[in-house]
$ cat start_23.cif   # mmCIF, C-alpha atoms
data_protein
#
loop_
_atom_site.label_atom_id
_atom_site.label_comp_id
_atom_site.auth_asym_id
_atom_site.auth_seq_id
_atom_site.Cartn_x
_atom_site.Cartn_y
_atom_site.Cartn_z
CA MET A 45 -29.67 6.58 -28.92
CA LEU A 46 -26.20 5.06 -28.89
CA ASN A 47 -25.88 1.35 -28.26
CA SER A 48 -24.47 0.83 -24.78
CA VAL A 49 -23.40 -1.95 -22.46
CA PHE A 50 -24.33 -1.61 -18.78
CA TYR A 51 -22.16 -3.10 -16.05
CA PRO A 52 -23.91 -2.89 -12.65
CA ALA A 53 -21.79 -2.21 -9.60
CA GLN A 54 -20.81 -5.40 -7.78
CA SER A 55 -20.44 -3.68 -4.39
CA PRO A 56 -21.74 -0.11 -4.79
CA VAL A 57 -20.28 2.53 -2.50
CA GLY A 58 -22.22 5.57 -3.69
CA LEU A 59 -19.89 6.73 -6.46
CA PRO A 60 -21.31 8.25 -9.68
CA PRO A 61 -21.61 5.96 -12.70
CA LEU A 62 -18.68 5.91 -15.12
CA LEU A 63 -19.20 6.43 -18.86
CA ILE A 64 -16.50 4.91 -21.11
CA VAL A 65 -16.12 6.43 -24.58
CA HIS A 66 -13.95 4.57 -27.08
CA GLY A 67 -11.74 6.00 -29.80
CA LEU A 68 -11.80 5.90 -33.60
CA PHE A 69 -12.45 2.42 -35.05
CA GLY A 70 -13.18 1.09 -31.54
CA SER A 71 -16.29 -0.12 -29.76
CA ALA A 72 -17.70 -0.75 -26.31
CA ARG A 73 -16.58 -4.37 -26.51
CA ASN A 74 -12.91 -3.26 -26.64
CA TRP A 75 -13.36 -1.97 -23.09
CA GLY A 76 -15.17 -4.98 -21.63
CA VAL A 77 -12.45 -6.16 -19.25
CA ILE A 78 -11.71 -2.69 -17.90
CA ALA A 79 -15.43 -1.89 -17.62
CA ARG A 80 -16.10 -5.03 -15.60
CA ARG A 81 -13.19 -4.33 -13.27
CA MET A 82 -14.18 -0.69 -12.79
CA ALA A 83 -17.70 -1.91 -11.96
CA ALA A 84 -16.40 -3.38 -8.69
CA ASP A 85 -17.78 -0.36 -6.82
CA ARG A 86 -19.82 1.70 -9.31
CA ASP A 87 -22.11 1.31 -12.30
CA VAL A 88 -20.27 1.51 -15.62
CA VAL A 89 -21.68 2.24 -19.08
CA ALA A 90 -19.63 1.67 -22.24
CA VAL A 91 -20.99 3.02 -25.52
CA ASP A 92 -20.60 2.39 -29.21
CA MET A 93 -20.16 5.80 -30.81
CA ARG A 94 -22.17 6.71 -33.91
CA ASN A 95 -20.87 4.98 -37.05
CA HIS A 96 -19.21 2.35 -34.83
CA GLY A 97 -20.18 -1.02 -33.38
CA ASP A 98 -23.92 -1.58 -33.07
CA SER A 99 -24.87 2.10 -32.91
CA PHE A 100 -26.67 3.95 -35.67
CA TRP A 101 -24.96 5.20 -38.82
CA ALA A 102 -25.22 8.87 -39.74
CA ASP A 103 -23.82 11.13 -42.44
CA SER A 104 -22.25 13.52 -39.93
CA HIS A 105 -19.53 12.67 -37.42
CA THR A 106 -18.58 15.92 -35.70
CA TYR A 107 -17.69 16.45 -32.06
CA ALA A 108 -20.88 18.46 -31.61
CA ASP A 109 -22.80 15.39 -32.84
CA MET A 110 -20.91 13.05 -30.56
CA ALA A 111 -21.32 15.27 -27.49
CA THR A 112 -25.08 15.41 -28.10
CA ASP A 113 -25.15 11.61 -28.37
CA LEU A 114 -23.27 11.24 -25.08
CA ALA A 115 -25.51 13.77 -23.33
CA ALA A 116 -28.53 11.67 -24.27
CA VAL A 117 -26.92 8.53 -22.82
CA ILE A 118 -26.10 10.29 -19.55
CA ALA A 119 -29.62 11.71 -19.29
CA ALA A 120 -31.05 8.24 -19.84
CA HIS A 121 -28.94 6.87 -16.98
CA GLY A 122 -29.83 9.45 -14.39
CA GLY A 123 -28.35 12.76 -15.41
CA ARG A 124 -24.71 12.95 -14.23
CA MET A 125 -21.64 10.76 -14.65
CA ASP A 126 -17.89 10.58 -14.46
CA VAL A 127 -16.67 10.37 -18.06
CA MET A 128 -13.55 8.74 -19.52
CA GLY A 129 -12.77 9.07 -23.21
CA HIS A 130 -9.82 7.76 -25.22
CA SER A 131 -8.49 9.50 -28.35
CA MET A 132 -11.53 10.46 -30.49
CA GLY A 133 -13.64 9.55 -27.48
CA GLY A 134 -11.53 11.89 -25.37
CA LYS A 135 -12.25 14.78 -27.71
CA ALA A 136 -15.95 13.92 -27.66
CA ALA A 137 -15.82 13.83 -23.85
CA MET A 138 -14.10 17.24 -23.75
CA GLN A 139 -16.74 18.67 -26.08
CA LEU A 140 -19.41 17.20 -23.80
CA ALA A 141 -17.86 18.79 -20.70
CA LEU A 142 -17.55 22.19 -22.39
CA THR A 143 -21.10 22.22 -23.72
CA HIS A 144 -23.02 20.08 -21.19
CA GLY A 145 -20.91 20.58 -18.10
CA ASP A 146 -23.83 19.91 -15.76
CA LEU A 147 -23.79 16.27 -16.91
CA VAL A 148 -20.13 15.64 -16.12
CA ASP A 149 -18.72 15.17 -12.64
CA ARG A 150 -15.09 14.16 -13.22
CA LEU A 151 -13.45 13.89 -16.62
CA ILE A 152 -10.56 11.69 -17.73
CA VAL A 153 -9.08 12.33 -21.16
CA ALA A 154 -6.86 9.46 -22.32
CA ASP A 155 -3.98 10.37 -24.63
CA ILE A 156 -5.45 13.24 -26.62
CA ALA A 157 -5.51 17.04 -26.40
CA PRO A 158 -8.01 19.70 -27.52
CA VAL A 159 -5.98 20.52 -30.62
CA ALA A 160 -6.08 19.75 -34.33
CA TYR A 161 -3.63 17.06 -35.38
CA ASP A 162 -1.93 16.86 -38.75
CA HIS A 163 -1.86 13.06 -38.94
CA ASP A 164 -4.54 11.24 -40.89
CA GLN A 165 -6.14 7.84 -40.30
CA SER A 166 -7.42 7.61 -43.87
CA PRO A 167 -4.86 4.93 -44.92
CA HIS A 168 -6.36 2.61 -42.31
CA VAL A 169 -9.85 3.28 -43.67
CA ARG A 170 -8.66 2.50 -47.19
CA ALA A 171 -7.02 -0.73 -45.99
CA MET A 172 -10.30 -1.89 -44.43
CA GLN A 173 -12.36 -0.77 -47.41
CA GLY A 174 -10.02 -2.63 -49.74
CA LEU A 175 -10.09 -5.90 -47.80
CA ASP A 176 -11.70 -8.66 -49.88
CA LEU A 177 -14.27 -10.19 -47.53
CA ALA A 178 -15.44 -12.87 -49.98
CA GLY A 179 -15.22 -16.29 -48.41
CA ILE A 180 -14.00 -14.95 -45.06
CA THR A 181 -15.31 -17.03 -42.14
CA THR A 182 -12.68 -16.40 -39.44
CA ARG A 183 -10.67 -13.45 -38.16
CA GLY A 184 -7.53 -15.46 -38.84
CA ALA A 185 -8.36 -15.60 -42.54
CA ALA A 186 -9.16 -11.89 -42.58
CA ASP A 187 -5.90 -11.18 -40.75
CA SER A 188 -3.92 -13.06 -43.40
CA ARG A 189 -5.43 -10.94 -46.14
CA LEU A 190 -5.10 -7.66 -44.23
CA ALA A 191 -1.44 -8.40 -43.50
CA GLY A 192 -0.71 -7.69 -47.16
CA VAL A 193 -1.39 -3.97 -46.61
CA MET A 194 -0.93 -3.56 -42.85
CA GLU A 195 2.25 -4.78 -41.17
CA ASP A 196 1.40 -4.15 -37.51
CA PRO A 197 -0.30 -7.28 -36.08
CA GLY A 198 -1.61 -5.34 -33.10
CA LEU A 199 -3.41 -2.84 -35.32
CA ARG A 200 -4.81 -5.63 -37.47
CA ALA A 201 -6.16 -7.41 -34.39
CA PHE A 202 -7.75 -4.18 -33.16
CA PHE A 203 -9.42 -3.38 -36.48
CA LEU A 204 -10.64 -6.93 -36.99
CA GLN A 205 -12.59 -6.78 -33.74
CA SER A 206 -15.01 -4.64 -35.75
CA LEU A 207 -15.52 -7.30 -38.42
CA ASP A 208 -18.99 -8.85 -38.15
CA LEU A 209 -18.43 -12.48 -39.06
CA LYS A 210 -22.04 -13.42 -38.27
CA ALA A 211 -23.46 -11.09 -40.89
CA ASP A 212 -24.37 -12.42 -44.31
CA PRO A 213 -22.42 -11.17 -46.11
CA VAL A 214 -19.59 -10.46 -43.67
CA ARG A 215 -19.27 -6.72 -43.10
CA TRP A 216 -17.54 -4.09 -41.02
CA ARG A 217 -19.29 -2.66 -37.95
CA LEU A 218 -17.85 0.68 -39.04
CA ASN A 219 -19.33 3.25 -41.42
CA LEU A 220 -16.04 3.51 -43.27
CA ASP A 221 -17.32 5.79 -46.04
CA VAL A 222 -18.51 8.45 -43.59
CA LEU A 223 -15.47 8.11 -41.34
CA ALA A 224 -13.24 8.71 -44.35
CA GLU A 225 -15.30 11.71 -45.46
CA GLN A 226 -15.37 13.18 -41.94
CA MET A 227 -11.70 12.51 -41.15
CA PRO A 228 -10.71 16.21 -41.14
CA ALA A 229 -13.29 16.85 -38.41
CA ILE A 230 -12.22 13.76 -36.47
CA VAL A 231 -8.50 14.60 -36.34
CA GLY A 232 -9.31 18.30 -35.94
CA TRP A 233 -10.77 20.24 -33.05
CA PRO A 234 -13.77 22.55 -33.41
CA GLY A 235 -12.27 25.38 -31.35
CA THR A 236 -15.06 25.14 -28.78
CA LYS A 237 -15.24 28.08 -26.40
CA GLY A 238 -16.10 27.80 -22.75
CA VAL A 239 -14.61 26.44 -19.56
CA PHE A 240 -15.18 23.26 -17.58
CA ASP A 241 -14.19 23.92 -13.97
CA GLY A 242 -14.58 20.38 -12.71
CA PRO A 243 -11.77 17.93 -11.99
CA VAL A 244 -9.99 16.75 -15.15
CA LEU A 245 -7.15 14.27 -15.59
CA PHE A 246 -5.21 14.22 -18.83
CA LEU A 247 -3.68 10.74 -18.80
CA ALA A 248 -1.09 10.01 -21.48
CA GLY A 249 1.17 7.16 -22.46
CA ALA A 250 4.76 8.17 -21.70
CA GLY A 251 5.82 6.93 -25.13
CA SER A 252 3.00 8.67 -27.02
CA HIS A 253 3.34 11.88 -29.05
CA TYR A 254 -0.33 12.85 -28.82
CA VAL A 255 -0.08 15.06 -25.71
CA LYS A 256 2.88 17.44 -26.01
CA PRO A 257 4.02 20.02 -23.42
CA GLU A 258 3.19 22.85 -25.81
CA TYR A 259 -0.48 21.82 -25.73
CA ARG A 260 -0.85 22.46 -22.00
CA ALA A 261 -1.74 26.13 -22.36
CA ASP A 262 -4.78 25.22 -24.46
CA MET A 263 -5.69 22.43 -22.08
CA ARG A 264 -5.54 24.66 -19.00
CA ALA A 265 -7.47 27.46 -20.71
CA LEU A 266 -10.43 25.15 -21.23
CA PHE A 267 -9.93 23.00 -18.15
CA PRO A 268 -8.37 25.15 -15.41
CA ALA A 269 -8.48 22.35 -12.83
CA ALA A 270 -6.59 19.98 -15.13
CA ARG A 271 -4.05 17.54 -13.77
CA PHE A 272 -1.56 15.62 -15.87
CA ALA A 273 -0.17 12.10 -15.53
CA LYS A 274 1.70 9.60 -17.70
CA ILE A 275 1.85 5.82 -17.68
CA PRO A 276 5.44 4.61 -18.16
CA GLY A 277 5.99 2.08 -20.90
CA ALA A 278 2.74 2.89 -22.68
CA GLY A 279 2.00 4.56 -25.99
CA HIS A 280 -1.26 5.82 -27.47
CA TRP A 281 -3.10 2.56 -26.65
CA LEU A 282 -2.25 2.94 -22.96
CA HIS A 283 -5.34 1.09 -21.74
CA ALA A 284 -4.43 -1.97 -23.81
CA GLU A 285 -0.69 -1.84 -23.18
CA LYS A 286 -0.86 -1.20 -19.42
CA PRO A 287 -4.44 -2.08 -18.41
CA ARG A 288 -3.86 -2.58 -14.67
CA GLU A 289 -1.87 0.64 -14.35
CA PHE A 290 -4.55 2.42 -16.36
CA GLU A 291 -7.31 1.12 -14.09
CA ASP A 292 -5.37 1.96 -10.93
CA THR A 293 -4.91 5.56 -12.12
CA LEU A 294 -8.61 5.90 -12.94
CA ARG A 295 -9.60 4.46 -9.60
CA VAL A 296 -7.37 6.87 -7.64
CA PHE A 297 -8.58 9.91 -9.56
CA LEU A 298 -12.26 8.95 -9.41
CA THR A 299 -12.35 8.04 -5.72
CA ARG A 300 -13.75 10.85 -3.59
#

$ encode --input "start_23.cif" --output "structure tokens"
Amino acid sequence: MLNSVFYPAQSPVGLPPLLIVHGLFGSARNWGVIARRMAADRDVVAVDMRNHGDSFWADSHTYADMATDLAAVIAAHGGRMDVMGHSMGGKAAMQLALTHGDLVDRLIVADIAPVAYDHDQSPHVRAMQGLDLAGITTRGAADSRLAGVMEDPGLRAFFLQSLDLKADPVRWRLNLDVLAEQMPAIVGWPGTKGVFDGPVLFLAGAGSHYVKPEYRADMRALFPAARFAKIPGAGHWLHAEKPREFEDTLRVFLTR
């Protein structure tokens, strides 16, 4: 079973629970602030995906695997949820809806489409694998070393959230070897057949290139009730760049 963090509703109003599914190199803890705020009126569950965070490590990291993992979490929490997934988590959520549609009420896919991409995240894996962790006791020290191979301070800060400084020796909470090996499957799309007829929102950052107009035919073929929205001033990390706007959009779409 995936590791998960449960946020009980502060003032429940009868809405289905919300499952939050992070993207590649992320974790449930990245979504803590948004999860707590979304739990104002509903239960929220945020998961660590396989090979991430405190969840189990496995040799396979396909979308079929991830959808099965998510289905088990939903079943353990009562059998039906709204689901929001970002990037890799969005693809896993789409796979879940297409193969276990009875478990999904409403679906939000954040800045990803059901297509194979030609970019590759392997350089980031190599940068983390190559980081000398000897003597590291703070994220600041790790950041200084990682800066030698990664210029973007925002990316470094994001990746270093997955560094377990309490472990002896210090280690990554990411199964980097498997993620590197499975990268073609992660950036790809399995070509899953089927249709999910439920409400779906494809929410993109207006400055992102991940959801292009030419992808809409594929999106509508699989999700005929799909709606599309963009958050101005946001890129791929829309939930981090515009968190309040992101939450407001989720809340409007998920309110019956």

$ residues_near_point --input "start_23.cif" --point "(-10.3, 20.1, -17.8)" --cutoff "12 Å" --atoms "all atoms listed in the file" --output "VMD selection string"
chain A and resid 127 to 128 134 to 135 137 to 142 145 148 to 153 157 to 158 238 to 247 260 to 272

$ resolve_selection --input "start_23.cif" --expression "the PyMOL selection byres ((chain A and resi 217) around 12)" --output "PyMOL selection string"
chain A and resi 69-73+92-101+172-173+203-211+214-216+218-221+223

$ atom_distance --input "start_23.cif" --atom1 "CA of Glu285 (chain A)" --atom2 "CA of Met227 (chain A)"
25.5 Å

$ resolve_selection --input "start_23.cif" --expression "the PyMOL selection byres ((chain A and resi 54) around 9)" --output "PyMOL selection string"
chain A and resi 51-53+55-56+83-87

$ closest_residue --input "start_23.cif" --among "A:Pro228, A:Gly235, A:Gly279, A:Gly198" --to "Gly249 (chain A)" --atoms "all atoms listed in the file"
A:Gly279

$ atom_distance --input "start_23.cif" --atom1 "CA of Val222 (chain A)" --atom2 "CA of Gly129 (chain A)"
21.2 Å

$ closest_residue --input "start_23.cif" --among "A:Gly174, A:Gly179, A:Gly133, A:Gly58" --to "Ile230 (chain A)" --atoms "only C-alpha atoms"
A:Gly133

$ atom_distance --input "start_23.cif" --atom1 "CA of Asn74 (chain A)" --atom2 "CA of Phe202 (chain A)"
8.4 Å

$ residues_near_point --input "start_23.cif" --point "(-6.3, 7.0, -37.1)" --cutoff "10 Å" --atoms "all atoms listed in the file" --output "PyMOL selection string"
chain A and resi 67-69+131-132+163-169+227+230-231

$ decode --input "start_23.cif" --residues "region 95-123 of chain A" --atoms "N, CA and C atoms" --output "PDB file, in the first residue's frame"
ATOM      1  N   ASN A  95       8.216   4.255  -5.362  1.00  0.00           N
ATOM      2  CA  ASN A  95       9.570   4.743  -5.648  1.00  0.00           C
ATOM      3  C   ASN A  95       9.762   6.213  -5.284  1.00  0.00           C
ATOM      4  N   HIS A  96       8.848   6.759  -4.469  1.00  0.00           N
ATOM      5  CA  HIS A  96       8.921   8.144  -4.021  1.00  0.00           C
ATOM      6  C   HIS A  96       8.593   8.214  -2.529  1.00  0.00           C
ATOM      7  N   GLY A  97       9.144   9.216  -1.861  1.00  0.00           N
ATOM      8  CA  GLY A  97       8.779   9.498  -0.480  1.00  0.00           C
ATOM      9  C   GLY A  97       8.979   8.296   0.422  1.00  0.00           C
ATOM     10  N   ASP A  98       7.962   8.012   1.230  1.00  0.00           N
ATOM     11  CA  ASP A  98       8.032   6.896   2.172  1.00  0.00           C
ATOM     12  C   ASP A  98       7.279   5.669   1.683  1.00  0.00           C
ATOM     13  N   SER A  99       6.907   5.643   0.414  1.00  0.00           N
ATOM     14  CA  SER A  99       6.255   4.453  -0.142  1.00  0.00           C
ATOM     15  C   SER A  99       7.293   3.412  -0.539  1.00  0.00           C
ATOM     16  N   PHE A 100       6.788   2.244  -0.876  1.00  0.00           N
ATOM     17  CA  PHE A 100       7.662   1.118  -1.204  1.00  0.00           C
ATOM     18  C   PHE A 100       8.413   1.363  -2.513  1.00  0.00           C
ATOM     19  N   TRP A 101       9.548   0.694  -2.637  1.00  0.00           N
ATOM     20  CA  TRP A 101      10.313   0.715  -3.885  1.00  0.00           C
ATOM     21  C   TRP A 101      10.013  -0.562  -4.661  1.00  0.00           C
ATOM     22  N   ALA A 102       9.937  -0.427  -5.969  1.00  0.00           N
ATOM     23  CA  ALA A 102       9.638  -1.568  -6.836  1.00  0.00           C
ATOM     24  C   ALA A 102      10.432  -1.421  -8.128  1.00  0.00           C
ATOM     25  N   ASP A 103      10.633  -2.542  -8.813  1.00  0.00           N
ATOM     26  CA  ASP A 103      11.425  -2.528 -10.043  1.00  0.00           C
ATOM     27  C   ASP A 103      10.653  -1.980 -11.239  1.00  0.00           C
ATOM     28  N   SER A 104       9.340  -1.941 -11.137  1.00  0.00           N
ATOM     29  CA  SER A 104       8.511  -1.461 -12.241  1.00  0.00           C
ATOM     30  C   SER A 104       7.836  -0.153 -11.849  1.00  0.00           C
ATOM     31  N   HIS A 105       7.695   0.744 -12.829  1.00  0.00           N
ATOM     32  CA  HIS A 105       7.093   2.048 -12.557  1.00  0.00           C
ATOM     33  C   HIS A 105       6.242   2.473 -13.762  1.00  0.00           C
ATOM     34  N   THR A 106       5.294   1.623 -14.121  1.00  0.00           N
ATOM     35  CA  THR A 106       4.431   1.908 -15.256  1.00  0.00           C
ATOM     36  C   THR A 106       3.141   2.564 -14.781  1.00  0.00           C
ATOM     37  N   TYR A 107       2.383   3.115 -15.733  1.00  0.00           N
ATOM     38  CA  TYR A 107       1.112   3.727 -15.345  1.00  0.00           C
ATOM     39  C   TYR A 107       0.079   2.682 -14.937  1.00  0.00           C
ATOM     40  N   ALA A 108       0.182   1.484 -15.475  1.00  0.00           N
ATOM     41  CA  ALA A 108      -0.682   0.398 -14.996  1.00  0.00           C
ATOM     42  C   ALA A 108      -0.386   0.098 -13.525  1.00  0.00           C
ATOM     43  N   ASP A 109       0.901   0.062 -13.167  1.00  0.00           N
ATOM     44  CA  ASP A 109       1.288  -0.144 -11.769  1.00  0.00           C
ATOM     45  C   ASP A 109       0.712   0.955 -10.885  1.00  0.00           C
ATOM     46  N   MET A 110       0.918   2.193 -11.312  1.00  0.00           N
ATOM     47  CA  MET A 110       0.515   3.324 -10.477  1.00  0.00           C
ATOM     48  C   MET A 110      -0.998   3.400 -10.321  1.00  0.00           C
ATOM     49  N   ALA A 111      -1.738   3.088 -11.389  1.00  0.00           N
ATOM     50  CA  ALA A 111      -3.195   3.091 -11.288  1.00  0.00           C
ATOM     51  C   ALA A 111      -3.678   2.027 -10.310  1.00  0.00           C
ATOM     52  N   THR A 112      -3.052   0.867 -10.327  1.00  0.00           N
ATOM     53  CA  THR A 112      -3.406  -0.201  -9.382  1.00  0.00           C
ATOM     54  C   THR A 112      -3.124   0.236  -7.951  1.00  0.00           C
ATOM     55  N   ASP A 113      -1.991   0.914  -7.745  1.00  0.00           N
ATOM     56  CA  ASP A 113      -1.664   1.431  -6.417  1.00  0.00           C
ATOM     57  C   ASP A 113      -2.726   2.414  -5.931  1.00  0.00           C
ATOM     58  N   LEU A 114      -3.135   3.329  -6.811  1.00  0.00           N
ATOM     59  CA  LEU A 114      -4.126   4.339  -6.439  1.00  0.00           C
ATOM     60  C   LEU A 114      -5.485   3.706  -6.168  1.00  0.00           C
ATOM     61  N   ALA A 115      -5.836   2.700  -6.961  1.00  0.00           N
ATOM     62  CA  ALA A 115      -7.111   2.008  -6.747  1.00  0.00           C
ATOM     63  C   ALA A 115      -7.157   1.386  -5.353  1.00  0.00           C
ATOM     64  N   ALA A 116      -6.039   0.842  -4.911  1.00  0.00           N
ATOM     65  CA  ALA A 116      -5.991   0.238  -3.578  1.00  0.00           C
ATOM     66  C   ALA A 116      -6.168   1.290  -2.489  1.00  0.00           C
ATOM     67  N   VAL A 117      -5.595   2.466  -2.681  1.00  0.00           N
ATOM     68  CA  VAL A 117      -5.752   3.547  -1.702  1.00  0.00           C
ATOM     69  C   VAL A 117      -7.210   3.979  -1.623  1.00  0.00           C
ATOM     70  N   ILE A 118      -7.846   4.163  -2.791  1.00  0.00           N
ATOM     71  CA  ILE A 118      -9.242   4.594  -2.807  1.00  0.00           C
ATOM     72  C   ILE A 118     -10.134   3.544  -2.146  1.00  0.00           C
ATOM     73  N   ALA A 119      -9.893   2.275  -2.448  1.00  0.00           N
ATOM     74  CA  ALA A 119     -10.686   1.208  -1.840  1.00  0.00           C
ATOM     75  C   ALA A 119     -10.531   1.213  -0.328  1.00  0.00           C
ATOM     76  N   ALA A 120      -9.323   1.488   0.141  1.00  0.00           N
ATOM     77  CA  ALA A 120      -9.073   1.498   1.583  1.00  0.00           C
ATOM     78  C   ALA A 120      -9.747   2.673   2.284  1.00  0.00           C
ATOM     79  N   HIS A 121     -10.092   3.709   1.526  1.00  0.00           N
ATOM     80  CA  HIS A 121     -10.709   4.903   2.104  1.00  0.00           C
ATOM     81  C   HIS A 121     -12.191   5.006   1.768  1.00  0.00           C
ATOM     82  N   GLY A 122     -12.790   3.915   1.346  1.00  0.00           N
ATOM     83  CA  GLY A 122     -14.228   3.942   1.181  1.00  0.00           C
ATOM     84  C   GLY A 122     -14.757   3.674  -0.210  1.00  0.00           C
ATOM     85  N   GLY A 123     -13.913   3.670  -1.206  1.00  0.00           N
ATOM     86  CA  GLY A 123     -14.355   3.171  -2.502  1.00  0.00           C
ATOM     87  C   GLY A 123     -14.622   4.159  -3.613  1.00  0.00           C
TER      88      GLY A 123
END
